[in-house]
>>> print(open('structure09.txt').read())   # compact mmCIF, C-alpha atoms
# COMPACT_ATOMS: atom_id res chain seq x y z
CA MET A 17 -39.72 63.80 15.85
CA LYS A 18 -41.17 60.97 13.75
CA ALA A 19 -37.95 60.75 11.74
CA LEU A 20 -35.98 59.54 14.74
CA PRO A 21 -37.89 56.28 15.26
CA THR A 22 -37.77 55.62 11.52
CA THR A 23 -34.01 56.18 11.44
CA ALA A 24 -33.56 54.09 14.52
CA LEU A 25 -35.59 51.27 13.00
CA ALA A 26 -33.53 51.45 9.82
CA VAL A 27 -30.28 51.27 11.77
CA MET A 28 -31.59 48.33 13.77
CA ALA A 29 -32.70 46.57 10.59
CA ILE A 30 -29.24 47.01 9.04
CA ALA A 31 -27.56 45.81 12.24
CA CYS A 32 -29.81 42.75 12.34
CA ALA A 33 -29.07 41.99 8.68
CA LEU A 34 -25.33 42.24 9.30
CA ALA A 35 -25.67 40.08 12.37
CA LEU A 36 -27.64 37.45 10.46
CA THR A 37 -25.08 37.53 7.66
CA GLY A 38 -22.32 36.99 10.16
CA CYS A 39 -24.20 34.14 11.80
CA ALA A 40 -24.96 32.59 8.46
CA GLY A 41 -21.31 32.81 7.57
CA SER A 42 -20.29 31.13 10.79
CA LEU A 43 -22.86 28.36 10.35
CA THR A 44 -21.75 27.59 6.80
CA PRO A 45 -19.21 24.72 6.94
CA SER A 46 -15.82 25.80 5.67
CA VAL A 47 -13.86 23.58 3.30
CA ALA A 48 -10.54 23.20 5.07
CA GLY A 49 -7.53 21.92 3.18
CA THR A 50 -6.41 18.51 4.36
CA PRO A 51 -2.87 18.64 5.79
CA TYR A 52 -0.47 16.82 3.50
CA LYS A 53 2.06 14.92 5.55
CA LYS A 54 5.55 14.82 4.06
CA PHE A 55 8.55 12.96 5.38
CA SER A 56 11.57 15.04 6.32
CA SER A 57 14.34 15.72 3.85
CA CYS A 58 17.62 14.03 4.60
CA ASP A 59 19.84 16.68 6.17
CA GLY A 60 23.05 14.68 6.01
CA ARG A 61 23.01 13.46 9.61
CA GLY A 62 20.77 10.49 8.81
CA PHE A 63 17.94 8.78 10.67
CA THR A 64 16.05 5.47 10.68
CA ASN A 65 12.27 5.11 11.05
CA ILE A 66 11.07 1.60 10.14
CA SER A 67 7.68 0.13 11.04
CA ARG A 68 7.35 -3.60 11.76
CA LEU A 69 10.23 -4.81 9.58
CA PRO A 70 13.22 -5.83 11.77
CA GLY A 71 16.28 -3.67 11.25
CA SER A 72 18.32 -6.76 10.40
CA SER A 73 16.16 -7.25 7.28
CA PHE A 74 17.19 -3.91 5.79
CA SER A 75 20.80 -2.82 5.48
CA ARG A 76 21.91 0.62 4.34
CA SER A 77 23.69 0.90 1.02
CA THR A 78 25.54 4.06 2.01
CA SER A 79 26.12 6.27 5.04
CA PRO A 80 25.03 8.75 6.14
CA SER A 81 21.54 8.31 4.72
CA CYS A 82 17.92 8.38 5.85
CA VAL A 83 15.73 5.29 6.07
CA GLN A 84 11.97 5.81 6.23
CA SER A 85 9.16 3.25 5.95
CA LEU A 86 5.74 3.90 4.44
CA ASP A 87 2.50 2.05 5.21
CA PRO A 88 -0.05 1.22 2.48
CA PHE A 89 -3.23 3.28 2.43
CA ASP A 90 -5.17 0.40 0.90
CA LEU A 91 -4.89 -3.38 1.20
CA SER A 92 -7.16 -5.87 -0.53
CA ALA A 93 -7.42 -9.33 -2.02
CA TRP A 94 -8.54 -9.85 -5.60
CA VAL A 95 -10.10 -13.31 -5.83
CA GLU A 96 -10.43 -15.02 -9.21
CA ALA A 97 -13.32 -17.46 -8.72
CA PRO A 98 -15.00 -19.78 -11.27
CA ILE A 99 -18.25 -17.85 -11.72
CA ILE A 100 -17.50 -14.37 -10.39
CA SER A 101 -14.36 -12.55 -9.30
CA TYR A 102 -14.41 -10.06 -6.46
CA LYS A 103 -12.33 -7.80 -4.20
CA GLU A 104 -12.19 -8.47 -0.46
CA ARG A 105 -10.90 -6.16 2.28
CA GLY A 106 -10.25 -6.55 5.99
CA LEU A 107 -8.58 -9.96 5.78
CA SER A 108 -6.18 -10.92 8.55
CA THR A 109 -4.30 -13.31 6.23
CA MET A 110 -4.81 -14.68 2.74
CA MET A 111 -3.59 -17.59 0.65
CA LEU A 112 -1.69 -16.93 -2.55
CA GLY A 113 -1.72 -19.59 -5.23
CA CYS A 114 -4.55 -21.79 -6.48
CA ALA A 115 -6.92 -23.42 -4.01
CA ASN A 116 -8.75 -26.48 -5.31
CA LEU A 117 -12.53 -26.70 -5.23
CA VAL A 118 -13.73 -29.47 -2.94
CA PRO A 119 -17.33 -30.66 -3.62
CA ASP A 120 -19.63 -30.75 -0.61
CA ALA A 121 -20.71 -34.30 -1.35
CA SER A 122 -19.89 -37.12 -3.71
CA GLY A 123 -21.74 -36.94 -6.96
CA CYS A 124 -21.56 -33.14 -7.21
CA ALA A 125 -21.08 -32.10 -10.81
CA TYR A 126 -18.96 -29.04 -11.52
CA ALA A 127 -17.79 -28.11 -15.01
CA GLY A 128 -15.94 -24.84 -14.25
CA MET A 129 -12.44 -24.00 -13.17
CA PRO A 130 -11.04 -26.27 -10.44
CA GLY A 131 -10.90 -23.70 -7.65
CA HIS A 132 -9.81 -20.10 -7.25
CA ALA A 133 -6.68 -17.96 -7.11
CA ALA A 134 -6.09 -14.76 -5.14
CA THR A 135 -3.81 -11.75 -5.57
CA LEU A 136 -2.67 -9.41 -2.82
CA GLU A 137 -3.12 -5.77 -3.86
CA MET A 138 -1.75 -2.69 -2.10
CA GLU A 139 -1.41 1.04 -2.74
CA PHE A 140 1.11 3.55 -1.42
CA ASN A 141 1.32 7.33 -1.61
CA MET A 142 4.89 7.82 -2.81
CA GLY A 143 4.37 11.59 -2.78
CA THR A 144 4.85 11.38 1.00
CA TYR A 145 8.61 11.24 0.40
CA PRO A 146 10.45 14.48 -0.48
CA ALA A 147 10.40 15.10 -4.22
CA ALA A 148 14.12 15.84 -4.21
CA ALA A 149 15.00 12.59 -2.42
CA SER A 150 17.90 10.72 -3.98
CA VAL A 151 16.82 7.10 -3.55
CA GLN A 152 19.65 4.73 -2.63
CA ARG A 153 17.64 1.58 -1.98
CA ALA A 154 13.97 0.58 -1.67
CA VAL A 155 12.25 -2.68 -0.75
CA LEU A 156 8.69 -3.93 -0.49
CA ALA A 157 8.40 -6.22 2.55
CA PHE A 158 5.65 -8.62 3.59
CA TYR A 159 5.29 -11.45 6.08
CA VAL A 160 4.59 -15.05 5.01
CA GLU A 161 3.56 -17.83 7.39
CA ASN A 162 4.74 -20.80 5.32
CA ASN A 163 6.53 -21.86 2.13
CA ALA A 164 8.86 -18.87 2.29
CA GLN A 165 11.56 -20.23 -0.02
CA PHE A 166 9.02 -21.47 -2.57
CA PHE A 167 7.43 -18.03 -2.51
CA VAL A 168 10.76 -16.27 -3.07
CA ASN A 169 11.47 -18.49 -6.07
CA PHE A 170 8.09 -18.33 -7.81
CA ALA A 171 6.06 -15.31 -6.65
CA GLU A 172 5.19 -12.63 -9.18
CA VAL A 173 5.54 -9.06 -7.88
CA ARG A 174 4.27 -6.31 -10.17
CA GLY A 175 3.71 -2.60 -9.89
CA LYS A 176 2.36 0.42 -11.75
CA PHE A 177 2.62 4.15 -11.13
CA SER A 178 -1.08 4.94 -11.52
CA VAL A 179 -4.40 3.29 -12.33
CA GLY A 180 -4.02 3.73 -16.09
CA ASP A 181 -0.46 2.40 -16.33
CA GLN A 182 0.65 -1.06 -17.35
CA LEU A 183 1.82 -3.46 -14.65
CA GLN A 184 5.53 -4.25 -14.80
CA SER A 185 7.44 -7.07 -13.16
CA LEU A 186 9.50 -6.10 -10.12
CA GLY A 187 11.52 -7.64 -7.38
CA THR A 188 15.07 -8.69 -8.11
CA PRO A 189 16.82 -9.57 -5.88
CA ARG A 190 14.65 -11.04 -3.14
CA GLN A 191 15.60 -11.96 0.39
CA ALA A 192 13.97 -14.88 2.22
CA PRO A 193 13.76 -15.39 5.99
CA PRO A 194 16.07 -17.99 7.54
CA GLY A 195 13.15 -20.34 8.27
CA ASN A 196 9.89 -21.35 6.64
CA ALA A 197 8.12 -18.19 7.83
CA GLY A 198 9.04 -14.54 8.26
CA TRP A 199 9.67 -11.32 6.37
CA ILE A 200 10.42 -11.37 2.64
CA THR A 201 11.95 -8.28 1.06
CA VAL A 202 11.70 -7.50 -2.64
CA ASP A 203 14.00 -4.92 -4.20
CA ILE A 204 12.09 -2.15 -6.04
CA THR A 205 14.75 0.57 -6.01
CA ASP A 206 14.43 1.81 -9.61
CA PHE A 207 10.64 1.72 -9.54
CA ALA A 208 10.43 3.56 -6.20
CA ALA A 209 12.95 6.20 -7.31
CA ARG A 210 10.80 7.16 -10.28
CA ALA A 211 7.56 7.04 -8.26
CA ILE A 212 9.04 9.42 -5.67
CA ASN A 213 10.55 11.72 -8.30
CA GLU A 214 7.15 12.00 -9.99
CA GLN A 215 5.33 12.21 -6.61
CA ARG A 216 2.95 9.40 -7.52
CA ALA A 217 0.10 9.38 -4.99
CA GLY A 218 -1.46 6.05 -6.03
CA THR A 219 1.40 3.63 -6.65
CA PHE A 220 -0.05 0.13 -7.00
CA PHE A 221 1.51 -3.29 -6.32
CA THR A 222 0.26 -6.85 -6.76
CA ILE A 223 1.71 -10.10 -5.41
CA SER A 224 0.60 -13.49 -6.68
CA LEU A 225 1.67 -17.09 -7.19
CA PRO A 226 1.13 -19.23 -10.29
CA CYS A 227 -1.09 -22.28 -10.07
CA GLY A 228 1.01 -25.16 -8.80
CA ARG A 229 0.63 -28.90 -8.83
CA ASP A 230 -1.27 -29.07 -5.54
CA GLU A 231 -2.13 -27.05 -2.45
CA SER A 232 1.30 -27.64 -0.91
CA GLU A 233 2.42 -24.79 -3.17
CA ILE A 234 0.09 -22.27 -1.54
CA THR A 235 1.61 -19.58 0.67
CA THR A 236 -0.23 -17.79 3.47
CA VAL A 237 0.57 -14.08 3.55
CA ARG A 238 -0.34 -11.74 6.38
CA VAL A 239 -2.52 -8.78 5.39
CA MET A 240 -4.10 -6.84 8.29
CA LYS A 241 -2.45 -9.13 10.87
CA THR A 242 0.98 -7.77 9.95
CA PRO A 243 0.57 -5.33 7.05
CA PRO A 244 3.19 -5.09 4.30
CA VAL A 245 5.52 -2.13 4.45
CA LEU A 246 7.67 -0.20 1.97
CA VAL A 247 11.12 0.96 3.11
CA VAL A 248 13.17 3.59 1.29
CA GLU A 249 16.73 4.72 1.92
CA TYR A 250 17.43 8.18 0.51
CA ARG A 251 19.77 11.14 0.73
>>> encode(input="structure09.txt", output="structure tokens")
Amino acid sequence: MKALPTTALAVMAIACALALTGCAGSLTPSVAGTPYKKFSSCDGRGFTNISRLPGSSFSRSTSPSCVQSLDPFDLSAWVEAPIISYKERGLSTMMLGCANLVPDASGCAYAGMPGHAATLEMEFNMGTYPAAASVQRAVLAFYVENNAQFFVNFAEVRGKFSVGDQLQSLGTPRQAPPGNAGWITVDITDFAARAINEQRAGTFFTISLPCGRDESEITTVRVMKTPPVLVVEYR
């Protein structure tokens, strides 16, 4: 008779242990894989999905083809200042070129560099495009608020496939807006084709202007106000 309570207690203990194990398992946070968004392959019928950039600023090179834009996952300004250089994020706009240092009062003595220069930096995940995409044309587009033609003539656009790579000059040809402000497109077809083929997840671009004669050669570029965009035509 005494064996029955002992057996019952043992069964209950095992059941409780299993229950606790199950609860513990349910309370332990699971590491879920992050969904990896990929753009659709081009099925021959063609489509166009472009963010922000007007359709008139991007013309197809062949038809049928697929046109898909990609937003940067990081935007920042790298500021080269006299004493310390730094990275700044969250800017609505920024000035490219060299800004002169203006003393707060007459008689201020300053023996360093005469101002600062800034570079627009951006990163794109080119692995979002299908690996088998046959790139027909690709442009990097950004919006300037002044000095558009000067910017087209003198801006330096560079890119690299990953953090450890060397920057290379890009952007020929370039297309300026009809007026003094608007969208500028920079051709990066060969560079983008390789980045997509190699599924580069951290493709990096910089845009800068050389130091000019005065501040009239500074260009204001929109950052968060109207973010740059990359547009790729592929088959």
>>> atom_distance(input="structure09.txt", atom1="CA of Ala147 in chain A", atom2="CA of Gln191 in chain A")
27.9 Å
>>> closest_residue(input="structure09.txt", among="A:Asn213, A:Thr222, A:Thr236, A:Asn162", to="Asp90 in chain A", atoms="all atoms listed in the file")
A:Thr222
>>> residues_around(input="structure09.txt", residues="Pro189 in chain A", least_positions_apart="6", cutoff="10 Å", atoms="all atoms listed in the file", output="PyMOL selection string")
chain A and resi 155+168+201-204
>>> residues_around(input="structure09.txt", residues="Asp181 in chain A", least_positions_apart="2", cutoff="12 Å", atoms="all atoms listed in the file", output="compact mmCIF listing (two decimals) with C-alpha atoms, in the frame of the given file")
# COMPACT_ATOMS: atom_id res chain seq x y z
CA ARG A 174 4.27 -6.31 -10.17
CA GLY A 175 3.71 -2.60 -9.89
CA LYS A 176 2.36 0.42 -11.75
CA PHE A 177 2.62 4.15 -11.13
CA SER A 178 -1.08 4.94 -11.52
CA VAL A 179 -4.40 3.29 -12.33
CA LEU A 183 1.82 -3.46 -14.65
CA GLN A 184 5.53 -4.25 -14.80
CA ARG A 216 2.95 9.40 -7.52
CA GLY A 218 -1.46 6.05 -6.03
CA THR A 219 1.40 3.63 -6.65
CA PHE A 220 -0.05 0.13 -7.00
CA PHE A 221 1.51 -3.29 -6.32
>>> closest_residue(input="structure09.txt", among="A:Val95, A:Leu136, A:Leu156, A:Ala148", to="Tyr250 in chain A", atoms="all atoms listed in the file")
A:Ala148
>>> atom_distance(input="structure09.txt", atom1="CA of Ser67 in chain A", atom2="CA of Thr188 in chain A")
22.3 Å
